[in-house]
file protein.txt (compact mmCIF, C-alpha atoms)
# COMPACT_ATOMS: atom_id res chain seq x y z
CA LEU A 1 -271.41 98.12 -25.66
CA PRO A 2 -274.95 98.24 -24.26
CA LEU A 3 -276.49 101.69 -24.00
CA LEU A 4 -274.96 103.37 -20.93
CA GLN A 5 -277.85 105.75 -20.44
CA ALA A 6 -281.25 105.06 -18.92
CA ASP A 7 -283.97 104.13 -21.43
CA CYS A 8 -287.02 104.09 -19.17
CA ALA A 9 -289.40 103.16 -21.99
CA ASN A 10 -287.70 99.76 -22.23
CA CYS A 11 -287.41 99.14 -18.49
CA PHE A 12 -289.91 97.68 -16.04
CA ALA A 13 -289.43 100.58 -13.60
CA LEU A 14 -286.80 98.63 -11.67
CA CYS A 15 -285.42 101.67 -9.85
CA CYS A 16 -288.97 102.42 -8.64
CA VAL A 17 -289.39 98.94 -7.20
CA ALA A 18 -286.13 97.11 -6.53
CA LEU A 19 -284.38 99.88 -4.61
CA PRO A 20 -285.26 101.15 -1.11
CA PHE A 21 -285.35 104.78 -0.04
CA ALA A 22 -285.81 106.55 3.26
CA LYS A 23 -287.89 109.62 4.07
CA SER A 24 -285.50 112.55 3.82
CA ALA A 25 -284.77 115.71 1.87
CA ASP A 26 -284.56 113.48 -1.21
CA PHE A 27 -287.68 111.36 -0.69
CA ALA A 28 -291.07 112.22 0.77
CA VAL A 29 -291.76 108.72 2.13
CA ASN A 30 -290.09 105.49 3.20
CA LYS A 31 -290.06 102.58 0.75
CA ALA A 32 -288.70 99.09 1.23
CA ALA A 33 -286.68 97.25 -1.41
CA GLY A 34 -288.94 95.18 -3.67
CA THR A 35 -291.99 97.33 -2.96
CA PRO A 36 -293.36 99.45 -5.82
CA CYS A 37 -293.32 103.19 -5.23
CA LYS A 38 -296.79 104.52 -4.52
CA ASN A 39 -296.48 106.77 -7.59
CA LEU A 40 -295.79 103.91 -10.02
CA ARG A 41 -298.54 103.30 -12.57
CA GLN A 42 -299.56 100.00 -14.16
CA ASP A 43 -297.72 100.89 -17.37
CA PHE A 44 -294.43 101.14 -15.43
CA ARG A 45 -294.37 104.92 -15.70
CA CYS A 46 -294.23 107.50 -12.94
CA GLY A 47 -297.50 109.21 -12.08
CA ILE A 48 -295.80 112.41 -10.89
CA HIS A 49 -292.82 112.54 -13.26
CA THR A 50 -293.28 116.21 -14.15
CA GLY A 51 -293.62 117.21 -10.47
CA LEU A 52 -291.08 115.02 -8.69
CA ARG A 53 -289.14 117.87 -7.10
CA ASP A 54 -292.28 119.74 -6.05
CA GLN A 55 -293.67 116.64 -4.35
CA GLY A 56 -290.51 115.77 -2.43
CA PHE A 57 -288.90 113.20 -4.71
CA GLN A 58 -285.74 115.06 -5.69
CA GLY A 59 -283.76 111.83 -5.26
CA CYS A 60 -285.50 110.37 -8.31
CA THR A 61 -284.42 113.28 -10.49
CA VAL A 62 -280.71 112.73 -9.80
CA PHE A 63 -280.68 108.95 -10.18
CA ASP A 64 -279.41 107.22 -13.31
CA CYS A 65 -278.99 103.48 -13.78
CA PHE A 66 -276.46 103.91 -16.63
CA GLY A 67 -278.73 101.74 -18.78
CA ALA A 68 -278.85 98.79 -16.38
CA GLY A 69 -282.65 98.87 -16.20
CA GLN A 70 -283.30 98.10 -19.84
CA GLN A 71 -280.43 95.59 -19.90
CA ILE A 72 -282.04 93.58 -17.09
CA SER A 73 -285.54 94.00 -18.52
CA GLN A 74 -284.88 93.27 -22.18
CA VAL A 75 -281.71 91.15 -22.20
CA THR A 76 -281.35 89.27 -18.91
CA PHE A 77 -285.08 88.55 -18.62
CA GLU A 78 -285.86 88.77 -22.35
CA GLY A 79 -288.77 91.18 -21.99
CA ARG A 80 -290.62 89.26 -19.25
CA ASP A 81 -291.84 91.78 -16.69
CA TRP A 82 -292.22 91.14 -12.98
CA ARG A 83 -295.98 91.79 -13.00
CA THR A 84 -296.91 89.39 -15.79
CA HIS A 85 -294.26 86.87 -14.69
CA PRO A 86 -294.14 87.14 -10.89
CA GLU A 87 -291.71 84.21 -10.69
CA THR A 88 -289.02 86.56 -12.05
CA ARG A 89 -289.61 89.19 -9.40
CA GLN A 90 -286.96 88.41 -6.77
CA ALA A 91 -284.26 87.38 -9.20
CA MET A 92 -284.84 90.52 -11.26
CA PHE A 93 -284.73 92.82 -8.25
CA ASP A 94 -281.55 91.14 -6.93
CA ALA A 95 -279.76 91.35 -10.28
CA PHE A 96 -280.59 94.99 -10.99
CA PRO A 97 -278.21 96.64 -8.46
CA VAL A 98 -275.38 94.39 -9.69
CA MET A 99 -276.04 95.32 -13.31
CA ARG A 100 -276.09 99.00 -12.40
CA GLN A 101 -272.60 98.69 -10.94
CA LEU A 102 -271.36 96.91 -14.06
CA HIS A 103 -272.81 99.61 -16.32
CA GLU A 104 -271.29 102.35 -14.17
CA LEU A 105 -267.90 100.67 -14.51
CA LEU A 106 -268.38 100.43 -18.28
CA PHE A 107 -269.09 104.17 -18.32
CA TYR A 108 -265.83 104.95 -16.52
CA LEU A 109 -263.81 102.55 -18.69
CA SER A 110 -265.27 104.08 -21.84
CA ALA A 111 -264.44 107.55 -20.54
CA ALA A 112 -260.85 106.49 -19.78
CA LEU A 113 -260.44 105.13 -23.31
CA GLY A 114 -261.40 108.55 -24.63
CA ILE A 115 -258.47 110.24 -22.86
CA PRO A 116 -255.48 110.54 -25.24
CA ALA A 117 -252.99 111.00 -22.39
CA ALA A 118 -253.90 107.53 -21.11
CA ALA A 119 -252.89 105.82 -24.37
CA PRO A 120 -250.28 103.60 -22.64
CA LEU A 121 -253.11 102.14 -20.53
CA HIS A 122 -255.59 101.66 -23.37
CA PRO A 123 -254.80 97.96 -24.01
CA ALA A 124 -255.42 97.08 -20.36
CA LEU A 125 -258.51 99.29 -20.26
CA ARG A 126 -259.91 97.59 -23.38
CA GLU A 127 -259.34 94.16 -21.85
CA LEU A 128 -261.29 95.14 -18.75
CA LEU A 129 -264.00 96.76 -20.87
CA THR A 130 -264.46 93.56 -22.87
CA ARG A 131 -264.52 91.42 -19.75
CA THR A 132 -267.01 93.66 -17.94
CA GLU A 133 -269.26 93.90 -21.01
CA GLY A 134 -269.31 90.10 -21.14
CA LEU A 135 -270.55 89.98 -17.55
CA THR A 136 -273.55 92.15 -18.46
CA ARG A 137 -274.79 89.26 -20.65
CA ALA A 138 -274.72 86.73 -17.79
CA ASP A 139 -277.90 85.20 -16.38
CA ALA A 140 -279.46 86.47 -13.16
CA ASP A 141 -277.98 83.74 -10.95
CA THR A 142 -274.47 84.48 -12.20
CA LEU A 143 -274.94 88.21 -11.76
CA THR A 144 -275.97 87.93 -8.13
CA THR A 145 -272.89 85.88 -7.25
CA LEU A 146 -270.35 88.16 -8.95
CA ASP A 147 -267.54 89.62 -6.84
CA VAL A 148 -268.18 93.17 -8.00
CA PRO A 149 -265.99 94.83 -5.32
CA ALA A 150 -262.97 92.87 -6.60
CA LEU A 151 -263.71 93.92 -10.17
CA ARG A 152 -264.24 97.52 -9.09
CA GLN A 153 -260.88 97.53 -7.31
CA GLU A 154 -259.11 96.17 -10.37
CA ILE A 155 -260.72 98.78 -12.60
CA ASN A 156 -260.14 101.59 -10.10
CA THR A 157 -256.39 100.91 -10.12
CA LEU A 158 -256.34 101.66 -13.84
CA LEU A 159 -258.66 104.64 -13.50
CA LEU A 160 -256.31 106.16 -10.91
CA LYS A 161 -253.39 105.78 -13.30
CA THR A 162 -255.51 107.25 -16.08
CA SER A 163 -256.32 110.24 -13.89
CA GLU A 164 -252.66 110.80 -13.02
CA LEU A 165 -251.60 110.74 -16.67
CA ALA A 166 -254.41 113.08 -17.72
CA ARG A 167 -253.96 115.59 -14.90
CA ALA A 168 -250.20 115.68 -15.46
CA LYS A 169 -250.97 117.55 -18.68
CA THR A 170 -252.37 120.48 -16.69
CA PRO A 171 -249.63 123.01 -15.98
CA GLY A 172 -248.83 124.19 -12.48
CA ARG A 173 -249.39 122.71 -9.06
CA LYS A 174 -252.57 120.67 -8.77
CA LYS A 175 -254.68 120.68 -5.60
CA ASN A 176 -255.35 117.37 -3.89
CA HIS A 177 -258.77 117.28 -2.20
CA ARG A 178 -259.37 113.55 -2.53
CA GLY A 179 -262.10 112.49 -0.10
CA ALA A 180 -262.07 115.96 1.52
CA ASP A 181 -265.01 117.40 3.43
CA LEU A 182 -265.70 120.60 1.51
CA MET A 183 -269.39 120.87 2.35
CA GLY A 184 -270.46 124.49 2.10
CA ALA A 185 -266.94 125.59 1.14
CA ARG A 186 -266.52 129.01 -0.45
CA LEU A 187 -264.61 128.26 -3.63
CA ALA A 188 -266.12 130.80 -6.00
CA GLY A 189 -263.71 131.55 -8.81
CA ALA A 190 -261.19 128.98 -7.55
CA ASP A 191 -258.52 127.59 -9.84
CA LEU A 192 -259.11 123.82 -9.58
CA ARG A 193 -257.62 122.85 -12.91
CA GLY A 194 -256.27 119.31 -12.76
CA ALA A 195 -257.34 118.93 -9.12
CA ASN A 196 -257.96 115.57 -7.50
CA LEU A 197 -261.52 115.79 -6.17
CA ARG A 198 -262.19 112.05 -6.09
CA GLY A 199 -264.82 111.25 -3.50
CA ALA A 200 -264.82 114.80 -2.15
CA TYR A 201 -267.93 116.14 -0.41
CA LEU A 202 -268.86 119.39 -2.13
CA ILE A 203 -272.46 119.45 -0.90
CA ALA A 204 -273.81 123.02 -1.08
CA ALA A 205 -270.32 124.36 -1.80
CA ASP A 206 -269.94 127.54 -3.83
CA LEU A 207 -267.95 126.82 -7.00
CA GLY A 208 -269.48 129.62 -8.99
CA ARG A 209 -267.14 130.62 -11.85
CA ALA A 210 -264.57 128.06 -10.67
CA ASP A 211 -262.21 126.53 -13.23
CA LEU A 212 -262.47 122.73 -12.98
CA ARG A 213 -260.96 121.82 -16.33
CA GLY A 214 -259.06 118.55 -16.12
CA ALA A 215 -260.18 117.86 -12.53
CA ASP A 216 -260.96 114.28 -11.49
CA LEU A 217 -264.58 114.19 -10.28
CA ILE A 218 -265.12 110.47 -9.91
CA GLY A 219 -267.42 109.91 -6.94
CA THR A 220 -267.53 113.63 -6.05
CA ASP A 221 -270.73 114.58 -4.22
CA LEU A 222 -272.15 117.62 -6.02
CA ARG A 223 -275.55 117.81 -4.36
CA ASP A 224 -276.71 121.44 -4.39
CA THR A 225 -273.21 122.58 -5.37
CA ASN A 226 -273.25 126.00 -7.01
CA LEU A 227 -271.74 125.53 -10.47
CA ARG A 228 -273.13 128.72 -11.99
CA GLY A 229 -270.62 130.01 -14.49
CA ALA A 230 -268.17 127.20 -13.65
CA ASP A 231 -266.01 125.60 -16.34
CA LEU A 232 -266.24 121.80 -16.28
CA ARG A 233 -264.95 121.16 -19.77
CA ASP A 234 -262.52 118.24 -19.95
CA THR A 235 -263.26 117.16 -16.39
CA LEU A 236 -262.55 113.49 -15.77
CA PHE A 237 -265.33 110.97 -15.11
CA LEU A 238 -268.15 113.49 -14.61
CA THR A 239 -271.56 111.79 -14.81
CA GLN A 240 -275.02 113.10 -15.65
CA PRO A 241 -276.38 112.24 -12.16
CA GLN A 242 -273.69 114.44 -10.61
CA LEU A 243 -274.72 117.35 -12.81
CA ASN A 244 -278.40 116.73 -12.13
CA ALA A 245 -277.73 117.08 -8.40
CA ALA A 246 -275.92 120.42 -8.75
CA GLN A 247 -277.10 123.98 -9.41
CA GLY A 248 -276.05 125.48 -12.74
CA ASP A 249 -277.02 128.15 -15.24
CA PRO A 250 -276.59 128.83 -18.98
CA ALA A 251 -273.02 130.01 -18.29
CA THR A 252 -271.98 126.64 -16.83
CA ARG A 253 -269.71 124.90 -19.32
CA ILE A 254 -269.86 121.11 -19.36
CA PRO A 255 -268.25 118.27 -21.34
CA ALA A 256 -269.81 117.40 -24.69
CA HIS A 257 -271.05 114.01 -23.47

call {"tool": "encode", "arguments": {"input": "protein.txt", "output": "C-alpha cells"}}
result
Amino acid sequence: LPLLQADCANCFALCCVALPFAKSADFAVNKAAGTPCKNLRQDFRCGIHTGLRDQGFQGCTVFDCFGAGQQISQVTFEGRDWRTHPETRQAMFDAFPVMRQLHELLFYLSAALGIPAAAPLHPALRELLTRTEGLTRADADTLTTLDVPALRQEINTLLLKTSELARAKTPGRKKNHRGADLMGARLAGADLRGANLRGAYLIAADLGRADLRGADLIGTDLRDTNLRGADLRDTLFLTQPQLNAAQGDPATRIPAH
C-alpha cells in the first residue's frame, strides 16, 4: 500500500493550493480553489507552520490528506511540480481531491482488516483493498472520471458489517447515536462502549472520562470535543484528523496507531 499518512516533504503543497477555504473560525481568510495560500513559500512549505492556530488557521492543523499529496506529486505526476511545469497545474489540482478520497478509503479498509471479529469479511475487504490500491496508480485523466461515490458505497456496506461484528463483542446494550446531533452534549463519564457514533456531531461536547472502547467513530465530528481522560482504545475507524480537532490531555487513552 502507499503511505496512508501525509508526507509534506514529498508533496507540492497541494492542500495549500488545490483546495478552497472560507473565512471562518477555522481560516482567517477566503481562498479560492487553485489559488496558493498567501502563507505558502516558494519551497512549498508553510511560512507560519509553527503559528497556524495563533494566526487563525486552525483548519490547517486538523487536515490530513492520508498520503494523497505525495502520491499525486511523486507517482501520478512523477515529481513534476505545478510551478516548474505549469501545464500540469489544473490536472494535478483536479486529481488531488479524488486521490485523497481513495487514500481515506484505503485507511478504513486497512483498519477493517485489522479487526479479528471481522474475519469472515476479510476476503471481500482484501479484494476491495486491492482494487482501490490499483486505482491510486491511475493517470490523472482516469482519476478525475472515477465514480468515487459508487466505490465509497460499496466499501461502506462492508465497513458497516465490520462494525456490527466488532461491536457485537462488547457486552451489554450498545447505544445508537448514528448521525445524532450531540453538539455541546454533557456526556462526561458516559459508558459508550460499543456505541454507534457514525457521523454524529459531537462538536464541543463533554466526553471527559467517557469510555468509548469499541465505539464506531467513522465520520464523527470531534471538533473541540472534550476527550480529557477519555478511553478511546479499540475504537473503530478513528483517524488522526479527528483527534487533532479534539481537546485531550495526557490521561486520554488512544489506539496504538

call {"tool": "residues_around", "arguments": {"input": "protein.txt", "residues": "region 138-148 of chain A", "least_positions_apart": "6", "cutoff": "8 Å", "atoms": "all atoms listed in the file", "output": "PyMOL selection string"}}
result
chain A and resi 76+91-92+94-95+98-99+101-102

call {"tool": "closest_residue", "arguments": {"input": "protein.txt", "among": "A:Gln42, A:Asn10, A:Gln70, A:Ser110", "to": "Thr84 (chain A)", "atoms": "only C-alpha atoms"}}
result
A:Gln42

call {"tool": "atom_distance", "arguments": {"input": "protein.txt", "atom1": "CA of Pro149 (chain A)", "atom2": "CA of Leu19 (chain A)"}}
result
19.1 Å

call {"tool": "atom_distance", "arguments": {"input": "protein.txt", "atom1": "CA of Ala230 (chain A)", "atom2": "CA of Ala188 (chain A)"}}
result
8.7 Å

call {"tool": "residues_around", "arguments": {"input": "protein.txt", "residues": "Glu164 (chain A)", "least_positions_apart": "3", "cutoff": "10 Å", "atoms": "all atoms listed in the file", "output": "list in words"}}
result
Ala117, Ala118, Leu158, Leu159, Leu160, Lys161, Arg167, Ala168, Lys169, Gly194, Asn196 and Asp216 of chain A

call {"tool": "residues_near_point", "arguments": {"input": "protein.txt", "point": "(-294.8, 104.9, -4.2)", "cutoff": "10 Å", "atoms": "all atoms listed in the file", "output": "PyMOL selection string"}}
result
chain A and resi 16-17+28-31+35-41+46-47

call {"tool": "residues_around", "arguments": {"input": "protein.txt", "residues": "Gly229 (chain A)", "least_positions_apart": "6", "cutoff": "10 Å", "atoms": "only C-alpha atoms", "output": "ChimeraX atom specification"}}
result
/A:188-189,207-211,248-253

call {"tool": "residues_around", "arguments": {"input": "protein.txt", "residues": "region 48-63 of chain A", "least_positions_apart": "6", "cutoff": "9 Å", "atoms": "only C-alpha atoms", "output": "PyMOL selection string"}}
result
chain A and resi 15-16+21+24-29+39-40+240-245

call {"tool": "write_last_selection", "arguments": {"input": "protein.txt", "atoms": "C-alpha atoms", "output": "JSON list (two decimals), in the coordinates of the input"}}
result
[["chain", "number", "residue", "atom", "x", "y", "z"],
["A", 15, "CYS", "CA", -285.42, 101.67, -9.85],
["A", 16, "CYS", "CA", -288.97, 102.42, -8.64],
["A", 21, "PHE", "CA", -285.35, 104.78, -0.04],
["A", 24, "SER", "CA", -285.50, 112.55, 3.82],
["A", 25, "ALA", "CA", -284.77, 115.71, 1.87],
["A", 26, "ASP", "CA", -284.56, 113.48, -1.21],
["A", 27, "PHE", "CA", -287.68, 111.36, -0.69],
["A", 28, "ALA", "CA", -291.07, 112.22, 0.77],
["A", 29, "VAL", "CA", -291.76, 108.72, 2.13],
["A", 39, "ASN", "CA", -296.48, 106.77, -7.59],
["A", 40, "LEU", "CA", -295.79, 103.91, -10.02],
["A", 240, "GLN", "CA", -275.02, 113.10, -15.65],
["A", 241, "PRO", "CA", -276.38, 112.24, -12.16],
["A", 242, "GLN", "CA", -273.69, 114.44, -10.61],
["A", 243, "LEU", "CA", -274.72, 117.35, -12.81],
["A", 244, "ASN", "CA", -278.40, 116.73, -12.13],
["A", 245, "ALA", "CA", -277.73, 117.08, -8.40]]

call {"tool": "residues_around", "arguments": {"input": "protein.txt", "residues": "Leu238 (chain A)", "least_positions_apart": "6", "cutoff": "9 Å", "atoms": "all atoms listed in the file", "output": "list in words"}}
result
Asp216, Leu217, Ile218, Gly219, Thr220, Leu232 and Pro255 of chain A

call {"tool": "atom_distance", "arguments": {"input": "protein.txt", "atom1": "CA of Arg198 (chain A)", "atom2": "CA of His177 (chain A)"}}
result
7.4 Å

call {"tool": "closest_atom_pairs", "arguments": {"input": "protein.txt", "of": "region 28-132 of chain A", "to": "region 1-6 of chain A", "cutoff": "9 Å", "atoms": "all atoms listed in the file", "output": "Markdown table"}}
result
| residue | atom | partner | partner_atom | distance |
| --- | --- | --- | --- | --- |
| A:Asp64 | CA | A:Ala6 | CA | 6.3 |
| A:Cys65 | CA | A:Ala6 | CA | 5.8 |
| A:Phe66 | CA | A:Gln5 | CA | 4.5 |
| A:Gly67 | CA | A:Ala6 | CA | 4.2 |
| A:Ala68 | CA | A:Ala6 | CA | 7.2 |
| A:Gly69 | CA | A:Ala6 | CA | 6.9 |
| A:Gln70 | CA | A:Ala6 | CA | 7.3 |
| A:Gln71 | CA | A:Pro2 | CA | 7.5 |
| A:His103 | CA | A:Leu4 | CA | 6.3 |
| A:Glu104 | CA | A:Leu4 | CA | 7.8 |
| A:Leu106 | CA | A:Leu4 | CA | 7.7 |
| A:Phe107 | CA | A:Leu4 | CA | 6.5 |
| A:Leu129 | CA | A:Leu1 | CA | 8.9 |
| A:Thr130 | CA | A:Leu1 | CA | 8.8 |

call {"tool": "closest_residue", "arguments": {"input": "protein.txt", "among": "A:Gln74, A:Thr235, A:Thr162, A:Thr157", "to": "Thr136 (chain A)", "atoms": "only C-alpha atoms"}}
result
A:Gln74

call {"tool": "closest_residue", "arguments": {"input": "protein.txt", "among": "A:Arg137, A:Arg131, A:Lys23, A:Arg223", "to": "Met183 (chain A)", "atoms": "only C-alpha atoms"}}
result
A:Arg223

call {"tool": "closest_residue", "arguments": {"input": "protein.txt", "among": "A:Leu187, A:Ile72, A:Cys11, A:Ala204", "to": "Phe44 (chain A)", "atoms": "all atoms listed in the file"}}
result
A:Cys11

call {"tool": "closest_residue", "arguments": {"input": "protein.txt", "among": "A:Leu128, A:Ala256, A:Leu121, A:Arg193", "to": "Gln153 (chain A)", "atoms": "all atoms listed in the file"}}
result
A:Leu128

call {"tool": "axis_aligned_box", "arguments": {"input": "protein.txt", "around": "region 139-148 of chain A", "padding_each_side": "3 Å", "output": "JSON"}}
result
{"center_x": -273.5, "center_y": 88.5, "center_z": -11.6, "size_x": 17.9, "size_y": 15.4, "size_z": 15.5}
